[in-house]
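Containing mmCIF, C-alpha atoms (C1' of nucleotides): data37.cif.
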data_run
#
loop_
_atom_site.label_atom_id
_atom_site.label_comp_id
_atom_site.auth_asym_id
_atom_site.auth_seq_id
_atom_site.Cartn_x
_atom_site.Cartn_y
_atom_site.Cartn_z
CA MET A 1 -32.30 10.44 -23.38
CA PRO A 2 -30.43 13.66 -22.78
CA ARG A 3 -26.86 14.73 -23.24
CA LYS A 4 -24.80 11.91 -24.67
CA VAL A 5 -21.45 11.29 -23.00
CA ASP A 6 -19.18 8.32 -23.45
CA HIS A 7 -19.25 6.80 -20.00
CA ARG A 8 -16.30 4.54 -20.61
CA GLU A 9 -14.21 7.46 -21.78
CA ARG A 10 -15.02 9.59 -18.74
CA ARG A 11 -14.29 6.76 -16.37
CA GLU A 12 -10.96 6.13 -18.04
CA LEU A 13 -10.10 9.80 -17.76
CA LEU A 14 -10.71 9.63 -14.03
CA ALA A 15 -8.91 6.33 -13.66
CA ASP A 16 -5.92 7.85 -15.43
CA ALA A 17 -5.84 10.62 -12.88
CA LEU A 18 -6.11 8.02 -10.13
CA MET A 19 -3.15 6.12 -11.55
CA ARG A 20 -1.01 9.24 -11.77
CA LEU A 21 -1.83 9.96 -8.15
CA ALA A 22 -1.22 6.41 -6.99
CA ALA A 23 2.12 6.24 -8.74
CA THR A 24 3.49 9.52 -7.47
CA ARG A 25 1.98 9.82 -4.03
CA GLY A 26 0.68 6.37 -3.20
CA LEU A 27 -2.75 4.84 -2.95
CA GLU A 28 -3.26 6.53 0.38
CA ALA A 29 -3.38 9.85 -1.46
CA VAL A 30 -6.22 8.60 -3.62
CA SER A 31 -9.38 10.31 -2.46
CA LEU A 32 -12.40 11.50 -4.37
CA ARG A 33 -11.27 15.10 -4.05
CA HIS A 34 -7.69 14.43 -5.07
CA VAL A 35 -8.69 12.41 -8.08
CA ALA A 36 -11.10 15.15 -9.09
CA ALA A 37 -8.43 17.82 -8.70
CA GLU A 38 -5.87 15.77 -10.61
CA ALA A 39 -8.34 15.28 -13.43
CA GLY A 40 -9.36 18.92 -13.30
CA VAL A 41 -13.00 18.27 -12.58
CA SER A 42 -15.33 18.60 -9.62
CA THR A 43 -15.72 15.94 -7.00
CA GLY A 44 -19.38 15.81 -7.92
CA MET A 45 -18.48 14.50 -11.37
CA VAL A 46 -16.35 11.76 -9.86
CA GLN A 47 -19.29 10.75 -7.75
CA HIS A 48 -21.48 10.81 -10.81
CA TYR A 49 -19.41 8.20 -12.61
CA PHE A 50 -18.45 6.11 -9.59
CA ARG A 51 -21.12 5.65 -6.99
CA THR A 52 -18.55 4.68 -4.42
CA LYS A 53 -14.83 4.88 -3.95
CA ASP A 54 -14.45 1.13 -4.06
CA GLU A 55 -16.13 1.10 -7.44
CA MET A 56 -13.57 3.61 -8.67
CA MET A 57 -10.70 1.57 -7.29
CA GLY A 58 -12.02 -1.58 -8.87
CA PHE A 59 -12.40 0.07 -12.24
CA ALA A 60 -8.87 1.45 -12.12
CA LEU A 61 -7.47 -1.94 -11.18
CA GLU A 62 -9.28 -3.59 -14.06
CA MET A 63 -8.01 -0.92 -16.39
CA VAL A 64 -4.41 -1.55 -15.39
CA MET A 65 -4.82 -5.27 -15.97
CA ASP A 66 -6.53 -4.69 -19.30
CA ARG A 67 -3.67 -2.51 -20.46
CA ILE A 68 -1.07 -5.07 -19.51
CA GLU A 69 -3.03 -7.78 -21.27
CA GLU A 70 -3.44 -5.60 -24.32
CA ARG A 71 0.25 -4.84 -24.48
CA SER A 72 1.05 -8.50 -24.03
CA ARG A 73 -1.26 -9.43 -26.86
CA ALA A 74 0.32 -6.82 -29.09
CA ALA A 75 3.74 -8.29 -28.33
CA LEU A 76 2.65 -11.71 -29.49
CA THR A 77 4.90 -12.16 -32.47
CA PRO A 78 5.42 -15.36 -34.41
CA GLY A 79 8.62 -17.13 -33.54
CA SER A 80 10.11 -19.89 -31.49
CA PRO A 81 8.56 -20.54 -28.08
CA ARG A 82 11.57 -18.99 -26.48
CA GLU A 83 11.16 -15.82 -28.50
CA ILE A 84 7.47 -15.70 -27.71
CA VAL A 85 8.09 -16.14 -24.00
CA ARG A 86 10.84 -13.56 -24.00
CA ALA A 87 8.74 -10.98 -25.81
CA LEU A 88 5.87 -11.59 -23.42
CA LEU A 89 7.90 -11.34 -20.25
CA LEU A 90 9.69 -8.25 -21.49
CA GLN A 91 6.30 -6.57 -21.66
CA ILE A 92 5.75 -7.24 -17.97
CA LEU A 93 9.04 -5.76 -16.84
CA PRO A 94 8.85 -2.02 -16.08
CA LEU A 95 11.48 -1.04 -18.63
CA ASP A 96 10.18 2.37 -19.64
CA GLU A 97 8.58 5.25 -17.86
CA THR A 98 4.97 4.38 -18.61
CA ARG A 99 5.46 0.83 -17.46
CA ARG A 100 7.28 2.04 -14.34
CA LEU A 101 4.22 4.09 -13.56
CA GLU A 102 1.94 1.14 -14.13
CA GLY A 103 4.25 -0.97 -12.04
CA HIS A 104 3.99 1.37 -9.11
CA VAL A 105 0.24 1.36 -9.45
CA GLY A 106 0.26 -2.40 -9.63
CA LEU A 107 2.37 -2.65 -6.51
CA ALA A 108 0.05 -0.35 -4.64
CA PHE A 109 -2.92 -2.41 -5.76
CA LEU A 110 -1.16 -5.60 -4.78
CA ALA A 111 -0.87 -4.41 -1.22
CA TYR A 112 -4.42 -3.12 -1.42
CA ALA A 113 -5.75 -6.44 -2.70
CA ALA A 114 -3.95 -8.28 0.10
CA VAL A 115 -6.47 -6.72 2.44
CA LYS A 116 -9.50 -6.45 0.16
CA PRO A 117 -9.93 -10.01 -1.08
CA ALA A 118 -12.59 -9.02 -3.59
CA MET A 119 -9.90 -7.24 -5.56
CA ALA A 120 -7.54 -10.19 -5.49
CA VAL A 121 -9.55 -12.62 -7.61
CA GLY A 122 -8.89 -10.73 -10.82
CA LEU A 123 -5.18 -10.62 -10.14
CA ARG A 124 -5.14 -14.32 -9.42
CA GLU A 125 -6.94 -15.25 -12.60
CA ALA A 126 -4.63 -13.13 -14.69
CA ALA A 127 -1.57 -14.73 -13.14
CA ASP A 128 -3.00 -18.22 -13.59
CA GLY A 129 -3.69 -17.58 -17.26
CA MET A 130 -0.20 -16.26 -17.79
CA ARG A 131 1.32 -19.22 -15.99
CA GLY A 132 -0.63 -21.65 -18.11
CA PHE A 133 0.41 -19.98 -21.33
CA LEU A 134 4.04 -19.95 -20.29
CA ALA A 135 3.87 -23.61 -19.33
CA ASP A 136 2.52 -24.48 -22.77
CA GLN A 137 5.35 -22.66 -24.48
CA VAL A 138 7.94 -24.29 -22.27
CA ARG A 139 6.41 -27.70 -22.83
CA ALA A 140 6.77 -27.23 -26.56
CA ALA A 141 10.45 -26.43 -26.58
CA ALA A 142 12.22 -27.02 -23.31
CA GLY A 143 14.92 -29.52 -22.59
CA PRO A 144 14.09 -33.00 -21.31
CA GLY A 145 14.93 -32.42 -17.66
CA VAL A 146 12.65 -29.39 -17.27
CA ASP A 147 9.22 -29.53 -15.69
CA PRO A 148 7.11 -27.09 -17.72
CA ASP A 149 4.82 -26.05 -14.89
CA ARG A 150 7.65 -25.45 -12.50
CA ALA A 151 9.63 -23.59 -15.12
CA ALA A 152 6.65 -21.39 -15.87
CA THR A 153 6.15 -20.67 -12.20
CA GLY A 154 9.83 -19.84 -11.89
CA LEU A 155 9.83 -17.55 -14.90
CA LEU A 156 6.79 -15.66 -13.70
CA ALA A 157 8.19 -15.33 -10.20
CA LEU A 158 11.51 -14.18 -11.58
CA VAL A 159 9.90 -11.47 -13.67
CA ASP A 160 7.77 -10.38 -10.74
CA GLY A 161 10.82 -10.15 -8.52
CA LEU A 162 12.89 -8.39 -11.13
CA GLY A 163 10.09 -5.92 -11.68
CA LEU A 164 9.87 -5.29 -7.97
CA GLN A 165 13.56 -4.52 -7.75
CA LEU A 166 13.52 -2.46 -10.91
CA LEU A 167 10.83 -0.28 -9.40
CA SER A 168 13.06 0.50 -6.46
CA ARG A 169 15.91 1.15 -8.87
CA GLN A 170 18.14 -1.53 -7.42
CA PHE A 171 19.78 -2.06 -10.79
CA GLY A 172 19.57 -0.97 -14.40
CA GLU A 173 17.22 -2.19 -17.05
CA GLU A 174 19.92 -4.04 -18.94
CA ASP A 175 20.76 -6.05 -15.83
CA ALA A 176 17.18 -7.14 -15.50
CA VAL A 177 17.02 -8.17 -19.14
CA ALA A 178 20.30 -10.03 -18.75
CA ALA A 179 18.96 -11.89 -15.72
CA LEU A 180 15.87 -12.83 -17.70
CA ASP A 181 17.96 -14.04 -20.64
CA ALA A 182 20.16 -16.07 -18.34
CA GLN A 183 17.04 -17.73 -16.98
CA LEU A 184 15.75 -18.42 -20.47
CA ASP A 185 19.10 -20.01 -21.24
CA LEU A 186 18.68 -22.28 -18.27
CA VAL A 187 15.15 -23.27 -19.17
CA PHE A 188 15.39 -23.59 -22.93
CA GLY A 189 19.02 -24.60 -23.09
CA GLN A 190 21.85 -22.44 -24.24
CA SER A 191 21.54 -21.32 -27.83
CA MET B 192 15.22 10.33 36.67
CA PRO B 193 11.77 9.02 37.51
CA ARG B 194 9.94 5.85 36.71
CA LYS B 195 12.15 3.53 34.74
CA VAL B 196 10.63 2.01 31.64
CA ASP B 197 12.39 0.11 28.90
CA HIS B 198 11.86 2.35 25.94
CA ARG B 199 12.87 -0.23 23.40
CA GLU B 200 10.44 -2.73 24.86
CA ARG B 201 7.51 -0.33 24.80
CA ARG B 202 8.24 0.69 21.24
CA GLU B 203 8.39 -2.92 20.16
CA LEU B 204 5.09 -3.58 21.86
CA LEU B 205 3.52 -0.79 19.87
CA ALA B 206 5.26 -1.82 16.66
CA ASP B 207 3.92 -5.33 17.14
CA ALA B 208 0.41 -3.96 17.35
CA LEU B 209 1.10 -1.94 14.22
CA MET B 210 2.25 -5.04 12.37
CA ARG B 211 -0.82 -7.01 13.38
CA LEU B 212 -2.95 -4.18 12.10
CA ALA B 213 -1.02 -3.76 8.87
CA ALA B 214 -1.17 -7.47 8.12
CA THR B 215 -4.87 -7.91 8.73
CA ARG B 216 -6.36 -4.62 7.64
CA GLY B 217 -3.63 -2.93 5.64
CA LEU B 218 -1.34 -0.01 6.25
CA GLU B 219 -4.19 2.38 5.60
CA ALA B 220 -5.78 1.17 8.83
CA VAL B 221 -2.67 2.14 10.77
CA SER B 222 -3.47 5.24 12.75
CA LEU B 223 -2.31 6.37 16.14
CA ARG B 224 -5.66 5.53 17.68
CA HIS B 225 -5.93 2.14 16.04
CA VAL B 226 -2.44 1.16 17.07
CA ALA B 227 -3.18 2.29 20.59
CA ALA B 228 -6.41 0.32 20.70
CA GLU B 229 -4.76 -2.78 19.25
CA ALA B 230 -2.04 -2.55 21.86
CA GLY B 231 -4.57 -1.84 24.57
CA VAL B 232 -3.12 1.52 25.58
CA SER B 233 -4.07 5.14 25.20
CA THR B 234 -3.21 7.20 22.16
CA GLY B 235 -1.33 9.51 24.44
CA MET B 236 1.12 6.77 25.23
CA VAL B 237 1.75 6.09 21.57
CA GLN B 238 2.52 9.75 21.13
CA HIS B 239 4.81 9.60 24.09
CA TYR B 240 7.03 6.98 22.48
CA PHE B 241 6.75 8.18 18.90
CA ARG B 242 6.71 11.89 18.42
CA THR B 243 5.25 11.51 14.98
CA LYS B 244 3.50 8.85 12.94
CA ASP B 245 6.36 8.68 10.47
CA GLU B 246 8.72 7.91 13.32
CA MET B 247 6.49 5.04 14.33
CA MET B 248 6.33 3.71 10.80
CA GLY B 249 10.07 3.92 10.42
CA PHE B 250 10.66 2.05 13.65
CA ALA B 251 8.25 -0.69 12.64
CA LEU B 252 9.91 -1.06 9.27
CA GLU B 253 13.33 -1.35 10.87
CA MET B 254 11.99 -3.92 13.27
CA VAL B 255 10.68 -6.07 10.45
CA MET B 256 14.01 -5.93 8.67
CA ASP B 257 15.88 -6.70 11.86
CA ARG B 258 13.76 -9.77 12.45
CA ILE B 259 14.34 -11.08 8.95
CA GLU B 260 18.04 -10.52 9.30
CA GLU B 261 18.07 -12.20 12.67
CA ARG B 262 16.23 -15.22 11.35
CA SER B 263 18.56 -15.39 8.39
CA ARG B 264 21.57 -15.29 10.65
CA ALA B 265 20.10 -18.05 12.78
CA ALA B 266 19.63 -20.18 9.69
CA LEU B 267 23.28 -19.91 8.77
CA THR B 268 24.35 -23.50 9.08
CA PRO B 269 27.66 -24.96 7.97
CA GLY B 270 27.42 -26.84 4.74
CA SER B 271 27.98 -26.61 1.03
CA PRO B 272 27.29 -23.25 -0.62
CA ARG B 273 24.16 -24.68 -2.13
CA GLU B 274 22.90 -25.76 1.28
CA ILE B 275 23.73 -22.40 2.76
CA VAL B 276 21.94 -20.55 0.00
CA ARG B 277 18.94 -22.81 0.20
CA ALA B 278 18.61 -22.43 3.95
CA LEU B 279 18.91 -18.69 3.63
CA LEU B 280 16.36 -18.29 0.87
CA LEU B 281 13.94 -20.61 2.64
CA GLN B 282 13.93 -18.14 5.51
CA ILE B 283 12.78 -15.39 3.21
CA LEU B 284 9.83 -17.31 1.80
CA PRO B 285 6.61 -16.88 3.80
CA LEU B 286 6.20 -20.56 4.57
CA ASP B 287 4.54 -20.36 7.95
CA GLU B 288 1.95 -18.13 9.50
CA THR B 289 4.31 -15.73 11.27
CA ARG B 290 6.31 -15.23 8.11
CA ARG B 291 3.12 -14.77 6.12
CA LEU B 292 2.22 -11.99 8.50
CA GLU B 293 5.62 -10.42 8.16
CA GLY B 294 5.38 -10.82 4.43
CA HIS B 295 2.15 -8.91 4.29
CA VAL B 296 3.67 -6.18 6.40
CA GLY B 297 6.70 -6.13 4.16
CA LEU B 298 4.54 -5.84 1.08
CA ALA B 299 2.63 -2.98 2.59
CA PHE B 300 5.87 -1.24 3.49
CA LEU B 301 7.23 -1.85 0.01
CA ALA B 302 4.38 0.07 -1.48
CA TYR B 303 4.76 2.66 1.25
CA ALA B 304 8.47 3.07 0.60
CA ALA B 305 7.84 3.48 -3.09
CA VAL B 306 6.33 6.82 -2.24
CA LYS B 307 8.37 7.78 0.82
CA PRO B 308 11.95 7.51 -0.44
CA ALA B 309 13.41 7.99 3.01
CA MET B 310 12.08 4.56 3.92
CA ALA B 311 13.50 2.90 0.82
CA VAL B 312 17.20 3.28 1.57
CA GLY B 313 17.16 0.66 4.31
CA LEU B 314 15.38 -1.82 2.09
CA ARG B 315 17.87 -1.21 -0.69
CA GLU B 316 20.87 -1.76 1.51
CA ALA B 317 19.46 -4.97 2.90
CA ALA B 318 18.80 -6.30 -0.58
CA ASP B 319 22.27 -5.32 -1.77
CA GLY B 320 23.90 -7.10 1.13
CA MET B 321 21.88 -10.21 0.49
CA ARG B 322 22.70 -10.13 -3.21
CA GLY B 323 26.38 -9.81 -2.47
CA PHE B 324 26.37 -12.72 -0.07
CA LEU B 325 24.48 -14.92 -2.52
CA ALA B 326 26.90 -14.00 -5.28
CA ASP B 327 29.84 -15.06 -3.10
CA GLN B 328 28.26 -18.41 -2.42
CA VAL B 329 27.45 -18.98 -6.06
CA ARG B 330 30.94 -17.98 -7.10
CA ALA B 331 32.36 -20.60 -4.78
CA ALA B 332 30.40 -23.53 -6.14
CA ALA B 333 28.56 -22.85 -9.36
CA GLY B 334 29.17 -24.38 -12.72
CA PRO B 335 31.48 -22.72 -15.22
CA GLY B 336 28.84 -21.14 -17.43
CA VAL B 337 27.15 -19.29 -14.61
CA ASP B 338 27.69 -15.60 -13.88
CA PRO B 339 27.61 -15.35 -10.06
CA ASP B 340 26.19 -11.84 -9.92
CA ARG B 341 23.47 -12.58 -12.39
CA ALA B 342 22.63 -15.84 -10.70
CA ALA B 343 22.40 -14.11 -7.34
CA THR B 344 20.13 -11.46 -8.81
CA GLY B 345 18.01 -14.17 -10.34
CA LEU B 346 17.75 -16.15 -7.14
CA LEU B 347 16.76 -13.13 -5.10
CA ALA B 348 14.22 -12.05 -7.68
CA LEU B 349 12.82 -15.55 -7.84
CA VAL B 350 12.37 -15.73 -4.09
CA ASP B 351 10.79 -12.30 -4.05
CA GLY B 352 8.38 -13.30 -6.78
CA LEU B 353 7.58 -16.64 -5.17
CA GLY B 354 6.96 -14.90 -1.88
CA LEU B 355 4.64 -12.45 -3.56
CA GLN B 356 2.61 -15.20 -5.10
CA LEU B 357 2.63 -17.25 -1.92
CA LEU B 358 1.11 -14.32 -0.08
CA SER B 359 -1.80 -14.25 -2.47
CA ARG B 360 -2.11 -18.02 -2.11
CA GLN B 361 -1.56 -18.73 -5.77
CA PHE B 362 -0.03 -22.09 -4.95
CA GLY B 363 1.06 -24.24 -2.05
CA GLU B 364 4.21 -24.00 -0.05
CA GLU B 365 5.63 -27.20 -1.48
CA ASP B 366 5.29 -25.81 -4.99
CA ALA B 367 7.28 -22.75 -4.02
CA VAL B 368 10.00 -24.86 -2.45
CA ALA B 369 10.05 -27.08 -5.52
CA ALA B 370 10.44 -24.05 -7.78
CA LEU B 371 13.31 -22.84 -5.63
CA ASP B 372 14.99 -26.24 -5.71
CA ALA B 373 14.59 -26.41 -9.45
CA GLN B 374 16.32 -23.08 -9.73
CA LEU B 375 19.11 -24.21 -7.43
CA ASP B 376 19.53 -27.23 -9.68
CA LEU B 377 19.91 -24.95 -12.65
CA VAL B 378 22.45 -22.71 -10.93
CA PHE B 379 24.54 -25.23 -9.04
CA GLY B 380 24.09 -28.09 -11.43
CA GLN B 381 21.93 -31.13 -10.89
CA SER B 382 23.02 -33.20 -7.93
"C1'" DC C 383 -42.82 23.87 -26.89
"C1'" DA C 384 -43.16 21.03 -22.55
"C1'" DC C 385 -40.98 17.35 -20.08
"C1'" DT C 386 -37.96 14.14 -18.50
"C1'" DT C 387 -33.55 12.36 -18.05
"C1'" DT C 388 -28.74 12.86 -17.75
"C1'" DA C 389 -24.51 15.58 -16.49
"C1'" DC C 390 -22.58 17.82 -13.61
"C1'" DA C 391 -21.59 21.52 -9.40
"C1'" DT C 392 -22.07 22.91 -4.64
"C1'" DT C 393 -22.65 22.25 -0.06
"C1'" DG C 394 -23.11 19.95 4.23
"C1'" DC C 395 -22.63 16.19 7.56
"C1'" DG C 396 -20.52 12.96 10.74
"C1'" DA C 397 -16.56 10.38 11.30
"C1'" DC C 398 -11.82 10.17 11.41
"C1'" DT C 399 -7.05 11.79 10.95
"C1'" DG C 400 -2.25 13.61 13.03
"C1'" DT C 401 -0.72 16.70 16.23
"C1'" DA C 402 -0.50 20.01 20.17
"C1'" DT C 403 -1.72 21.09 24.76
"C1'" DT C 404 -2.57 20.32 29.26
"C1'" DG C 405 -3.08 17.80 33.39
"C1'" DT C 406 -2.15 14.05 36.69
"C1'" DC C 407 0.34 10.59 38.86
"C1'" DT C 408 4.56 8.39 40.17
"C1'" DC C 409 8.93 7.61 40.86
"C1'" DG C 410 14.25 8.52 41.60
"C1'" DT C 411 17.36 11.80 43.21
"C1'" DG C 412 19.36 15.65 45.87
"C1'" DC D 413 10.99 15.18 52.35
"C1'" DA D 414 10.78 18.25 48.44
"C1'" DC D 415 10.92 18.42 43.68
"C1'" DG D 416 11.48 17.97 39.11
"C1'" DA D 417 11.41 14.81 35.40
"C1'" DG D 418 9.48 11.12 33.06
"C1'" DA D 419 5.10 8.24 31.99
"C1'" DC D 420 1.15 8.44 30.75
"C1'" DA D 421 -4.13 10.17 29.98
"C1'" DA D 422 -7.57 13.23 28.18
"C1'" DT D 423 -9.01 16.56 25.30
"C1'" DA D 424 -9.08 20.07 21.77
"C1'" DC D 425 -8.18 21.47 17.05
"C1'" DA D 426 -7.90 22.08 12.26
"C1'" DG D 427 -8.07 19.44 8.37
"C1'" DT D 428 -9.64 15.61 5.40
"C1'" DC D 429 -12.33 11.77 4.42
"C1'" DG D 430 -16.51 9.23 1.96
"C1'" DC D 431 -20.95 10.08 1.01
"C1'" DA D 432 -25.64 12.15 0.58
"C1'" DA D 433 -28.59 15.78 -0.64
"C1'" DT D 434 -29.76 19.44 -3.49
"C1'" DG D 435 -29.52 22.52 -7.26
"C1'" DT D 436 -28.88 23.82 -12.14
"C1'" DA D 437 -28.04 23.55 -17.03
"C1'" DA D 438 -28.55 21.17 -21.24
"C1'" DA D 439 -30.10 17.93 -24.54
"C1'" DG D 440 -33.01 14.35 -26.52
"C1'" DT D 441 -38.01 12.86 -27.03
"C1'" DG D 442 -43.15 13.43 -27.26
#
What would the structure in this file look like if it were written as structure tokens?
Amino acid sequence: MPRKVDHRERRELLADALMRLAATRGLEAVSLRHVAAEAGVSTGMVQHYFRTKDEMMGFALEMVMDRIEERSRAALTPGSPREIVRALLLQILPLDETRRLEGHVGLAFLAYAAVKPAMAVGLREAADGMRGFLADQVRAAAGPGVDPDRAATGLLALVDGLGLQLLSRQFGEEDAVAALDAQLDLVFGQS
Amino acid sequence: MPRKVDHRERRELLADALMRLAATRGLEAVSLRHVAAEAGVSTGMVQHYFRTKDEMMGFALEMVMDRIEERSRAALTPGSPREIVRALLLQILPLDETRRLEGHVGLAFLAYAAVKPAMAVGLREAADGMRGFLADQVRAAAGPGVDPDRAATGLLALVDGLGLQLLSRQFGEEDAVAALDAQLDLVFGQS
DNA sequence: CACTTTACATTGCGACTGTATTGTCTCGTG
DNA sequence: CACGAGACAATACAGTCGCAATGTAAAGTG
């Protein structure tokens, strides 16, 4: 075997360039040539690591989801269910610049996946897992009149919606956090 | 002046074709030729009514927003604030096929507007107006511990998030309505 | 030292894009 | 009835797209 190169590393380098492009100029600006230029390599190299454009898109999407999951796992701190849920959901909100970038990429992919169903299954599974985890936490600590599954669905939808509006800068970060806390109050009871 | 043609009508015909295309095959499939073919006309005619592609996109986006606003206005029925809010938010959720289609188009435009800021201002204004109206309704009838502005933000974000997940068929329509009702319970107090 | 496999770079092709140009037909007005 | 303006249609153009083919350099293995 000749020249040893870390495939995973190269692909992540290219996917990073793709994300930068998608966030600043939209998914429609993502082409083999543009990704190559953004990464500072030749288009031939991009083709070498991704046999087709769809393969590149799929890899980038998976990478975004992996990063979110990784950050979520890192935010898993011991505490009350409410604290756990809050820490988790705060990781999903685009509250800093890197997460804003990922959020834009995610939004672009969401619209992309709406048309390419093959891309949607991963997103669905991730959301289902998150919903299940949230429901467990709510079940453990919520008030008596609260349906855990519905509350989890509501929390996830709220964070999605807040994230959407944060991306279009409809209000500040502290407002979004306040809205989330208000919702947590409603679900877990005022503390 | 020669041959009289209703400009508005023709443009809406073309924008309808554009929406069908955007919903089924994504905004990336929207080209002058495709829109023309979908509408069953020549590309020259499309150019005649829209001098540029961006102009066509902008018109279609405005049309989508107008339709949502029109439907919302039609749903304005006399009743308690909670009933008014519920009826209004139910119009935003993609609960039937035509609204699913519009939802997909809206999602595509959301991602599009994230990159073309000129398109985003209209979306922002519409959301602000809606938020203000919701806040007024909440202020008129909510419990004492509820901040109207925050509750309005939460409701709008919830509906956005629910709509997003409805579009990707993550759960049934009745679940989304149930989640909305649960939230209304929390905001307006159990009835 | 051969030899093969991998890692790229370069180039070319056909299809498609938005836009500009030009032509034709048809109507309403003077 | 002439005529000019609007309503299209057809085509051309430069650019970009994904992808395939081909070439070259380097490194590990026998």
Residues of chain C were defined as contacting chain A if any atom lay at most 7 Å from it, counting all atoms listed in the file; please report them as a ChimeraX atom specification.
/C:387-388,390-391
Would you output that residue set with C-alpha atoms (C1' of nucleotides), as a short mmCIF file (atom, residue, chain, number, x, y, z; two decimals), keeping the file's coordinate frame?
data_model
loop_
_atom_site.label_atom_id
_atom_site.label_comp_id
_atom_site.auth_asym_id
_atom_site.auth_seq_id
_atom_site.Cartn_x
_atom_site.Cartn_y
_atom_site.Cartn_z
"C1'" DT C 387 -33.55 12.36 -18.05
"C1'" DT C 388 -28.74 12.86 -17.75
"C1'" DC C 390 -22.58 17.82 -13.61
"C1'" DA C 391 -21.59 21.52 -9.40
#
Check which residues satisfy the PyMOL selection byres ((chain D) within 9 of (chain B)) in the file shown, then give them as a list of chain:residue names.
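Written out, the selection comes to D:DG416, D:DA417, D:DG418, D:DA419, D:DC420, D:DA421, D:DA422.
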Test item: chain B residues at most 7 Å from chain A, counting only C-alpha atoms, as a ChimeraX atom specification:
/B:215-217,219,298-299,302,305-306,315,341,345,348-349,351-353,359,361,370,377
Same residues, C-alpha atoms, saved as a PDB file, keeping the file's coordinate frame:
ATOM      1  CA  THR B 215      -4.870  -7.910   8.730  1.00  0.00           C
ATOM      2  CA  ARG B 216      -6.360  -4.620   7.640  1.00  0.00           C
ATOM      3  CA  GLY B 217      -3.630  -2.930   5.640  1.00  0.00           C
ATOM      4  CA  GLU B 219      -4.190   2.380   5.600  1.00  0.00           C
ATOM      5  CA  LEU B 298       4.540  -5.840   1.080  1.00  0.00           C
ATOM      6  CA  ALA B 299       2.630  -2.980   2.590  1.00  0.00           C
ATOM      7  CA  ALA B 302       4.380   0.070  -1.480  1.00  0.00           C
ATOM      8  CA  ALA B 305       7.840   3.480  -3.090  1.00  0.00           C
ATOM      9  CA  VAL B 306       6.330   6.820  -2.240  1.00  0.00           C
ATOM     10  CA  ARG B 315      17.870  -1.210  -0.690  1.00  0.00           C
ATOM     11  CA  ARG B 341      23.470 -12.580 -12.390  1.00  0.00           C
ATOM     12  CA  GLY B 345      18.010 -14.170 -10.340  1.00  0.00           C
ATOM     13  CA  ALA B 348      14.220 -12.050  -7.680  1.00  0.00           C
ATOM     14  CA  LEU B 349      12.820 -15.550  -7.840  1.00  0.00           C
ATOM     15  CA  ASP B 351      10.790 -12.300  -4.050  1.00  0.00           C
ATOM     16  CA  GLY B 352       8.380 -13.300  -6.780  1.00  0.00           C
ATOM     17  CA  LEU B 353       7.580 -16.640  -5.170  1.00  0.00           C
ATOM     18  CA  SER B 359      -1.800 -14.250  -2.470  1.00  0.00           C
ATOM     19  CA  GLN B 361      -1.560 -18.730  -5.770  1.00  0.00           C
ATOM     20  CA  ALA B 370      10.440 -24.050  -7.780  1.00  0.00           C
ATOM     21  CA  LEU B 377      19.910 -24.950 -12.650  1.00  0.00           C
TER      22      LEU B 377
END
Which residues fall under the PyMOL selection byres ((chain A and resi 32) around 8) in this file, as an mmCIF file with C-alpha atoms (C1' of nucleotides), keeping the file's coordinate frame?
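Okay, out_39.cif is ready:
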data_model
loop_
_atom_site.group_PDB
_atom_site.id
_atom_site.type_symbol
_atom_site.label_atom_id
_atom_site.label_comp_id
_atom_site.auth_asym_id
_atom_site.auth_seq_id
_atom_site.Cartn_x
_atom_site.Cartn_y
_atom_site.Cartn_z
ATOM 1 C CA VAL A 30 -6.220 8.600 -3.620
ATOM 2 C CA SER A 31 -9.380 10.310 -2.460
ATOM 3 C CA ARG A 33 -11.270 15.100 -4.050
ATOM 4 C CA HIS A 34 -7.690 14.430 -5.070
ATOM 5 C CA VAL A 35 -8.690 12.410 -8.080
ATOM 6 C CA ALA A 36 -11.100 15.150 -9.090
ATOM 7 C CA THR A 43 -15.720 15.940 -7.000
ATOM 8 C CA VAL A 46 -16.350 11.760 -9.860
ATOM 9 C CA GLN A 47 -19.290 10.750 -7.750
ATOM 10 C CA LYS A 53 -14.830 4.880 -3.950
ATOM 11 C "C1'" DG D 430 -16.510 9.230 1.960
#
Give me, as CSV, each residue of segment 119-158 of chain A that comes within 12 Å of segment 69-80 of chain A, together with its shortest interatomic pair and the distance in Å at one decimal, counting only C-alpha atoms, with rows ordered by chain and rising residue number.
residue,atom,partner,partner_atom,distance
A:Leu123,CA,A:Glu69,CA,11.7
A:Ala126,CA,A:Glu69,CA,8.6
A:Ala127,CA,A:Glu69,CA,10.8
A:Gly129,CA,A:Glu69,CA,10.6
A:Met130,CA,A:Glu69,CA,9.6
A:Phe133,CA,A:Ser72,CA,11.8
A:Gln137,CA,A:Ser80,CA,8.9
A:Val138,CA,A:Ser80,CA,10.4
A:Ala140,CA,A:Ser80,CA,9.5
A:Ala141,CA,A:Ser80,CA,8.2
A:Ala142,CA,A:Ser80,CA,11.1
Distance in Å - atom CA of Glu229 of chain B versus atom CA of Ala208 of chain B:
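We find that atom CA of Glu229 of chain B and atom CA of Ala208 of chain B lie 5.6 Å from each other.
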So how far away is atom CA of Leu280 of chain B from atom CA of Arg330 of chain B, in Å?
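That distance, rounded to one decimal, is 16.6 Å.
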Could you list, as a compact mmCIF listing (two decimals) with C-alpha atoms (C1' of nucleotides), keeping the file's coordinate frame, every residue within 12 Å of DA433 of chain D, counting all atoms listed in the file and ignoring same-chain residues fewer than 2 positions away?
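Result went into selection-v1.txt, see below:
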# COMPACT_ATOMS: atom_id res chain seq x y z
CA GLY A 44 -19.38 15.81 -7.92
C1' DT C 392 -22.07 22.91 -4.64
C1' DT C 393 -22.65 22.25 -0.06
C1' DG C 394 -23.11 19.95 4.23
C1' DC C 395 -22.63 16.19 7.56
C1' DC D 431 -20.95 10.08 1.01
C1' DG D 435 -29.52 22.52 -7.26
